[in-house]
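Q: Following this line is structure-v8.cif, made up of mmCIF, C-alpha atoms and all ligand atoms:
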data_coords
loop_
_atom_site.group_PDB
_atom_site.id
_atom_site.type_symbol
_atom_site.label_atom_id
_atom_site.label_comp_id
_atom_site.auth_asym_id
_atom_site.auth_seq_id
_atom_site.Cartn_x
_atom_site.Cartn_y
_atom_site.Cartn_z
ATOM 1 C CA MET A 268 -15.988 -13.919 -7.253
ATOM 2 C CA LEU A 269 -15.761 -16.148 -4.207
ATOM 3 C CA ASP A 270 -14.731 -19.090 -6.354
ATOM 4 C CA THR A 271 -11.826 -17.162 -7.896
ATOM 5 C CA PHE A 272 -10.707 -15.791 -4.514
ATOM 6 C CA ARG A 273 -10.921 -19.316 -3.106
ATOM 7 C CA ARG A 274 -8.759 -20.737 -5.898
ATOM 8 C CA GLY A 275 -6.116 -18.086 -5.172
ATOM 9 C CA ALA A 276 -6.272 -18.900 -1.461
ATOM 10 C CA GLU A 277 -5.961 -22.626 -2.126
ATOM 11 C CA ALA A 278 -3.043 -22.117 -4.508
ATOM 12 C CA ALA A 279 -1.302 -20.323 -1.621
ATOM 13 C CA GLY A 280 -1.779 -23.418 0.550
ATOM 14 C CA ALA A 281 -5.081 -22.941 2.380
ATOM 15 C CA GLN A 282 -7.865 -25.467 2.684
ATOM 16 C CA VAL A 283 -11.115 -23.573 2.122
ATOM 17 C CA ASP A 284 -14.481 -24.988 3.174
ATOM 18 C CA VAL A 285 -17.318 -23.176 1.394
ATOM 19 C CA MET A 286 -20.715 -22.883 3.081
ATOM 20 C CA ARG A 287 -23.457 -21.400 0.886
ATOM 21 C CA VAL A 288 -25.665 -19.679 3.424
ATOM 22 C CA ALA A 289 -28.608 -19.327 1.014
ATOM 23 C CA ASP A 290 -28.857 -23.141 1.091
ATOM 24 C CA LEU A 291 -28.923 -23.251 4.890
ATOM 25 C CA ASP A 292 -31.691 -22.669 7.382
ATOM 26 C CA ILE A 293 -30.569 -19.671 9.441
ATOM 27 C CA GLU A 294 -32.890 -17.413 11.411
ATOM 28 C CA PRO A 295 -32.006 -13.783 12.119
ATOM 29 C CA CYS A 296 -31.216 -12.700 15.697
ATOM 30 C CA THR A 297 -34.255 -11.630 17.736
ATOM 31 C CA ASN A 298 -32.285 -9.898 20.517
ATOM 32 C CA CYS A 299 -33.799 -12.347 23.026
ATOM 33 C CA ASP A 300 -30.592 -12.087 25.119
ATOM 34 C CA GLY A 301 -30.622 -15.888 25.448
ATOM 35 C CA CYS A 302 -26.844 -15.949 24.820
ATOM 36 C CA ARG A 303 -26.038 -13.289 27.434
ATOM 37 C CA ASP A 304 -25.208 -15.723 30.242
ATOM 38 C CA THR A 305 -24.072 -18.775 28.292
ATOM 39 C CA GLY A 306 -22.504 -17.486 25.062
ATOM 40 C CA GLU A 307 -24.713 -19.989 23.264
ATOM 41 C CA CYS A 308 -27.548 -19.124 20.917
ATOM 42 C CA VAL A 309 -30.912 -20.594 21.907
ATOM 43 C CA ILE A 310 -32.053 -20.954 18.277
ATOM 44 C CA SER A 311 -31.488 -24.429 16.913
ATOM 45 C CA ASP A 312 -30.739 -24.300 13.179
ATOM 46 C CA ASP A 313 -27.872 -24.559 10.694
ATOM 47 C CA MET A 314 -25.984 -21.759 12.437
ATOM 48 C CA GLU A 315 -24.724 -24.450 14.816
ATOM 49 C CA GLY A 316 -22.558 -25.818 11.984
ATOM 50 C CA ILE A 317 -21.131 -22.350 11.300
ATOM 51 C CA TYR A 318 -20.255 -21.787 14.984
ATOM 52 C CA LYS A 319 -18.458 -25.148 14.999
ATOM 53 C CA LYS A 320 -16.521 -24.424 11.811
ATOM 54 C CA LEU A 321 -15.518 -20.947 12.962
ATOM 55 C CA ALA A 322 -14.281 -22.320 16.279
ATOM 56 C CA VAL A 323 -11.569 -24.336 14.525
ATOM 57 C CA ALA A 324 -10.950 -22.145 11.447
ATOM 58 C CA ASP A 325 -7.696 -20.233 10.969
ATOM 59 C CA GLY A 326 -9.587 -17.423 9.214
ATOM 60 C CA LEU A 327 -12.868 -16.379 7.642
ATOM 61 C CA ILE A 328 -13.892 -15.247 4.155
ATOM 62 C CA LEU A 329 -17.399 -13.877 3.794
ATOM 63 C CA ALA A 330 -18.931 -13.004 0.419
ATOM 64 C CA SER A 331 -22.211 -11.323 -0.432
ATOM 65 C CA PRO A 332 -23.981 -9.560 -3.267
ATOM 66 C CA ILE A 333 -25.006 -5.985 -2.512
ATOM 67 C CA TYR A 334 -28.759 -5.715 -2.024
ATOM 68 C CA PHE A 335 -30.399 -2.368 -1.325
ATOM 69 C CA GLY A 336 -27.134 -0.812 -0.249
ATOM 70 C CA SER A 337 -26.160 -3.581 2.148
ATOM 71 C CA VAL A 338 -25.322 -7.275 2.330
ATOM 72 C CA SER A 339 -27.967 -9.833 1.345
ATOM 73 C CA ALA A 340 -30.553 -10.922 3.908
ATOM 74 C CA TYR A 341 -29.015 -14.401 4.074
ATOM 75 C CA THR A 342 -25.625 -12.903 4.887
ATOM 76 C CA LYS A 343 -27.097 -10.463 7.373
ATOM 77 C CA ALA A 344 -28.872 -13.244 9.268
ATOM 78 C CA VAL A 345 -25.547 -15.042 9.736
ATOM 79 C CA ILE A 346 -23.820 -11.828 10.802
ATOM 80 C CA GLU A 347 -26.511 -11.070 13.377
ATOM 81 C CA ARG A 348 -26.207 -14.546 14.851
ATOM 82 C CA PHE A 349 -22.567 -13.765 15.588
ATOM 83 C CA GLN A 350 -24.070 -11.671 18.391
ATOM 84 C CA ILE A 351 -23.079 -14.491 20.755
ATOM 85 C CA TYR A 352 -19.495 -13.249 20.351
ATOM 86 C CA TRP A 353 -20.491 -9.831 21.618
ATOM 87 C CA PHE A 354 -21.254 -11.364 25.022
ATOM 88 C CA ILE A 355 -18.338 -13.809 24.848
ATOM 89 C CA ASN A 356 -15.696 -11.262 23.849
ATOM 90 C CA PHE A 357 -16.955 -8.004 25.362
ATOM 91 C CA GLY A 358 -20.293 -8.076 27.174
ATOM 92 C CA ASN A 359 -19.985 -10.707 29.901
ATOM 93 C CA GLU A 360 -16.795 -11.157 31.950
ATOM 94 C CA ASN A 361 -18.058 -14.560 33.123
ATOM 95 C CA LEU A 362 -17.635 -15.847 29.586
ATOM 96 C CA LYS A 363 -14.022 -14.745 29.236
ATOM 97 C CA HIS A 364 -12.838 -18.377 29.073
ATOM 98 C CA LEU A 365 -14.705 -18.615 25.722
ATOM 99 C CA LYS A 366 -13.027 -15.560 24.175
ATOM 100 C CA THR A 367 -12.074 -16.011 20.519
ATOM 101 C CA PRO A 368 -8.490 -15.598 19.265
ATOM 102 C CA THR A 369 -7.470 -12.156 18.021
ATOM 103 C CA ARG A 370 -5.057 -12.882 15.211
ATOM 104 C CA ARG A 371 -7.220 -14.789 12.744
ATOM 105 C CA PRO A 372 -7.516 -12.978 9.394
ATOM 106 C CA ALA A 373 -10.836 -12.163 7.766
ATOM 107 C CA ALA A 374 -11.840 -11.109 4.262
ATOM 108 C CA PHE A 375 -15.061 -9.648 2.969
ATOM 109 C CA LEU A 376 -16.010 -9.858 -0.708
ATOM 110 C CA ALA A 377 -18.954 -8.032 -2.256
ATOM 111 C CA VAL A 378 -20.334 -7.376 -5.713
ATOM 112 C CA GLY A 379 -22.925 -4.823 -6.798
ATOM 113 C CA GLY A 380 -24.683 -3.961 -10.016
ATOM 114 C CA MET A 381 -24.337 -0.201 -9.708
ATOM 115 C CA LYS A 382 -21.311 2.050 -9.558
ATOM 116 C CA ASN A 383 -21.919 3.962 -6.373
ATOM 117 C CA LYS A 384 -19.117 4.006 -3.810
ATOM 118 C CA LYS A 385 -21.627 4.500 -1.001
ATOM 119 C CA TYR A 386 -22.800 0.913 -1.362
ATOM 120 C CA CYS A 387 -19.304 -0.465 -0.806
ATOM 121 C CA ASP A 388 -18.802 1.916 2.123
ATOM 122 C CA SER A 389 -22.006 0.607 3.649
ATOM 123 C CA VAL A 390 -20.927 -3.029 3.238
ATOM 124 C CA ARG A 391 -17.518 -2.211 4.728
ATOM 125 C CA ILE A 392 -19.155 -0.765 7.850
ATOM 126 C CA THR A 393 -21.137 -3.984 8.343
ATOM 127 C CA ALA A 394 -17.982 -6.053 7.830
ATOM 128 C CA GLU A 395 -16.059 -3.893 10.318
ATOM 129 C CA ALA A 396 -18.765 -4.340 12.939
ATOM 130 C CA LEU A 397 -18.750 -8.090 12.398
ATOM 131 C CA PHE A 398 -15.000 -8.524 12.582
ATOM 132 C CA LEU A 399 -14.737 -6.281 15.640
ATOM 133 C CA ASN A 400 -17.351 -8.364 17.407
ATOM 134 C CA THR A 401 -15.700 -11.671 16.515
ATOM 135 C CA ARG A 402 -12.157 -10.332 17.116
ATOM 136 C CA LEU A 403 -11.187 -11.282 13.583
ATOM 137 C CA ASN A 404 -8.453 -9.303 11.894
ATOM 138 C CA PHE A 405 -9.967 -7.454 8.891
ATOM 139 C CA ARG A 406 -7.231 -8.037 6.275
ATOM 140 C CA SER A 407 -8.963 -7.943 2.910
ATOM 141 C CA PHE A 408 -11.927 -6.049 1.455
ATOM 142 C CA LEU A 409 -12.854 -6.453 -2.164
ATOM 143 C CA CYS A 410 -15.982 -4.670 -3.380
ATOM 144 C CA LEU A 411 -16.677 -4.793 -7.109
ATOM 145 C CA GLN A 412 -19.222 -2.477 -8.673
ATOM 146 C CA GLY A 413 -20.989 -2.353 -12.012
ATOM 147 C CA TYR A 414 -21.463 -6.113 -12.398
ATOM 148 C CA ASP A 415 -25.164 -6.788 -12.727
ATOM 149 C CA GLU A 416 -25.587 -9.424 -15.422
ATOM 150 C CA LYS A 417 -24.995 -13.080 -14.559
ATOM 151 C CA GLY A 418 -21.523 -14.078 -15.787
ATOM 152 C CA ALA A 419 -20.366 -10.449 -16.200
ATOM 153 C CA LEU A 420 -17.283 -11.029 -14.051
ATOM 154 C CA GLU A 421 -16.248 -14.121 -15.984
ATOM 155 C CA LYS A 422 -15.989 -11.939 -19.102
ATOM 156 C CA ASN A 423 -13.353 -9.772 -17.449
ATOM 157 C CA PRO A 424 -10.097 -11.756 -17.113
ATOM 158 C CA GLU A 425 -8.175 -8.769 -15.726
ATOM 159 C CA VAL A 426 -10.539 -8.462 -12.754
ATOM 160 C CA LEU A 427 -10.522 -12.226 -12.242
ATOM 161 C CA LYS A 428 -6.730 -12.062 -12.053
ATOM 162 C CA GLU A 429 -6.954 -9.367 -9.356
ATOM 163 C CA ILE A 430 -9.459 -11.406 -7.329
ATOM 164 C CA TYR A 431 -7.249 -14.497 -7.592
ATOM 165 C CA GLN A 432 -4.218 -12.465 -6.493
ATOM 166 C CA GLU A 433 -6.166 -11.031 -3.532
ATOM 167 C CA GLY A 434 -7.025 -14.607 -2.454
ATOM 168 C CA TRP A 435 -3.402 -15.623 -2.785
ATOM 169 C CA ASP A 436 -2.197 -12.579 -0.822
ATOM 170 C CA PHE A 437 -4.814 -13.085 1.874
ATOM 171 C CA VAL A 438 -3.352 -16.483 2.679
ATOM 172 C CA SER A 439 0.334 -15.930 1.967
ATOM 173 C CA LYS A 440 0.528 -12.648 3.909
ATOM 174 C CA ASN A 441 -1.681 -13.588 6.856
ATOM 175 C CA LEU A 442 -1.462 -17.326 7.515
HETATM 176 C C1 LIG A 501 -32.911 -7.469 -4.397
HETATM 177 C C2 LIG A 501 -31.736 -6.856 -5.090
HETATM 178 C C3 LIG A 501 -31.251 -5.635 -4.636
HETATM 179 C C4 LIG A 501 -30.127 -5.056 -5.225
HETATM 180 N N1 LIG A 501 -29.625 -3.886 -4.723
HETATM 181 C C5 LIG A 501 -28.481 -3.376 -5.224
HETATM 182 C C6 LIG A 501 -27.906 -2.201 -4.650
HETATM 183 O O1 LIG A 501 -28.419 -1.606 -3.720
HETATM 184 N N2 LIG A 501 -26.747 -1.736 -5.162
HETATM 185 C C7 LIG A 501 -26.124 -2.366 -6.212
HETATM 186 O O2 LIG A 501 -25.037 -1.907 -6.616
HETATM 187 N N3 LIG A 501 -26.634 -3.476 -6.780
HETATM 188 C C8 LIG A 501 -27.798 -4.000 -6.306
HETATM 189 N N4 LIG A 501 -28.345 -5.143 -6.860
HETATM 190 C C9 LIG A 501 -27.634 -5.800 -7.985
HETATM 191 C C10 LIG A 501 -26.757 -6.959 -7.510
HETATM 192 O O3 LIG A 501 -25.850 -6.547 -6.509
HETATM 193 C C11 LIG A 501 -25.963 -7.506 -8.715
HETATM 194 O O4 LIG A 501 -26.848 -8.057 -9.639
HETATM 195 C C12 LIG A 501 -24.893 -8.524 -8.335
HETATM 196 O O5 LIG A 501 -24.152 -8.841 -9.489
HETATM 197 C C13 LIG A 501 -25.499 -9.807 -7.734
HETATM 198 O O6 LIG A 501 -24.465 -10.716 -7.473
HETATM 199 P P1 LIG A 501 -24.672 -12.309 -7.675
HETATM 200 O O7 LIG A 501 -24.957 -12.515 -9.162
HETATM 201 O O8 LIG A 501 -23.402 -12.894 -7.223
HETATM 202 O O9 LIG A 501 -25.850 -12.684 -6.837
HETATM 203 C C14 LIG A 501 -29.488 -5.712 -6.321
HETATM 204 C C15 LIG A 501 -30.013 -6.934 -6.790
HETATM 205 C C16 LIG A 501 -31.121 -7.494 -6.197
HETATM 206 C C17 LIG A 501 -31.635 -8.829 -6.691
#
For this file, write the structure as structure tokens.

A:
Amino acid sequence: MLDTFRRGAEAAGAQVDVMRVADLDIEPCTNCDGCRDTGECVISDDMEGIYKKLAVADGLILASPIYFGSVSAYTKAVIERFQIYWFINFGNENLKHLKTPTRRPAAFLAVGGMKNKKYCDSVRITAEALFLNTRLNFRSFLCLQGYDEKGALEKNPEVLKEIYQEGWDFVSKNL
């Protein structure tokens, strides 16, 4: 799904850097409040690379499978570590010089095995919380349901066309 969206985005002129979070070492947030005064996370792991990339990116695309009615644990760990932006953007006036730009577009892609709208609603709420925190502009939400088997999406060219188009639109309408 992400690959097809990415190809649409690239065809519209974007350069997309893909980071597969399951291959990275990223701890979840422990609410230690270590970022409260500095806006910097005290945990030293691969999240540092994501902070750096996001700082210079024109937008963000996040993709996750649906697990137990939410995003995957790998995805959730990354989302929680964006807590630094809560203090930077909203929680600590002393960090206002670090505030992130407000006009960068964001997309969230999800796929689930079951056909239950509640699961997509749940993922959307998580995405909304994330993009609010990071002051990203939530421009695209694609949540596919009923795709459980590996390769099931690839067998459906109509859906692939829609995903590609969504990637194209995301870039051409927002960047
Ligand atoms: C641990 C686990 C939990 C899952 N929970 C859900 C769920 O709550 N709702 C759902 O629709 N699908 C659920 N699924 C099915 C996956 O979302 C589905 O297989 C999806 O296609 C996985 O995407 P991927 O092949 O890109 O990893 C779950 C799968 C696993 C492995």

Q: I want to know what sits within 9 Å of Gln432 in chain A, based on only C-alpha atoms, with residues of the same chain fewer than 3 positions away left out; could you give that as number ranges by chain?

A: A: 272, 275-276, 427-429, 435-437

Q: If you take only C-alpha atoms and all ligand atoms and a cut-off of 6 Å, which residues of chain A touch ligand LIG 501 (chain A), and what are their nearest atom pairs and distances in Å to one decimal, in chain and number order, as a tab-separated table?

A:
residue	atom	partner	partner_atom	distance
A:Pro332	CA	A:LIG501	O6	4.4
A:Ile333	CA	A:LIG501	O3	4.1
A:Tyr334	CA	A:LIG501	N1	3.4
A:Phe335	CA	A:LIG501	O1	3.2
A:Gly336	CA	A:LIG501	O1	3.8
A:Val378	CA	A:LIG501	C12	5.4
A:Gly379	CA	A:LIG501	O3	3.4
A:Gly380	CA	A:LIG501	N3	3.8
A:Met381	CA	A:LIG501	O2	3.6
A:Tyr414	CA	A:LIG501	O5	4.8
A:Asp415	CA	A:LIG501	O4	3.7
A:Lys417	CA	A:LIG501	O7	5.4

Q: Taking only C-alpha atoms into account, which of A:Ser439, A:Thr297, A:Gln282, A:Thr369 comes nearest Leu403 in chain A?

A: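 Among A:Ser439, A:Thr297, A:Gln282, A:Thr369, it is A:Thr369 that comes nearest to Leu403 in chain A.
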
Q: At a cut-off of 9 Å, using all atoms listed in the file, what residues contact Cys296 in chain A? Leave out same-chain residues fewer than 2 positions from it and give the result as an NGL selection string.

A: :A and (294 or 298-299 or 310 or 344-350)

Q: Counting all atoms listed in the file, figure out which residue out of A:Glu307, A:Asp313, A:Asp270, A:Glu416 gets nearest to Val283 in chain A.

A: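 Checking each of A:Glu307, A:Asp313, A:Asp270, A:Glu416 against Val283 in chain A, counting all atoms listed in the file, the winner is A:Asp270.
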
Q: Have a look at A:Lys384, A:Arg391, A:Arg402, A:Lys422 and name the one nearest to Pro368 in chain A; count all atoms listed in the file.

A: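 Closest to Pro368 in chain A of all the choices is A:Arg402.
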
Q: Go ahead and compute the interatomic distance for CA of Gly306 in chain A and CA of Leu365 in chain A, in Å to one decimal.

A: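 Going from CA of Gly306 in chain A over to CA of Leu365 in chain A covers 7.9 Å.
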
Q: May I ask which of the residues A:Glu277, A:Asp292, A:Asp300, A:Asp284 is the closest one to Leu321 in chain A, counting all atoms listed in the file?

A: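 Selected residue with least distance to Leu321 in chain A: A:Asp284.
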
Q: What do you get, as a VMD selection string, if you spell out every residue that the PyMOL selection byres (((chain A and resi 374) around 9) and not hetatm) selects here?

A: chain A and resid 326 to 330 372 to 373 375 to 376 394 404 to 409 434 437

Q: Between CA of Lys320 in chain A and CA of Phe354 in chain A, measure the distance and give it in Å to one decimal.

A: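 A separation of 19.2 Å between them.
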
Q: Return the single residue from A:Tyr386, A:Leu362, A:Cys308, A:Thr367 that is closest to Asp325 in chain A, with distances computed using all atoms listed in the file.

A: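 For Asp325 in chain A, the nearest of the candidates is A:Thr367.
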
Q: To one decimal place, how far is CA of Ala278 in chain A from CA of Asn400 in chain A in Å?

A: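 CA of Asn400 in chain A lies 29.6 Å from CA of Ala278 in chain A.
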
Q: Check the smallest atom-to-atom distance from each of A:Lys366, A:Trp353, A:Glu360, A:Pro424 to Leu399 in chain A using all atoms listed in the file, then report the winner.

A: A:Trp353
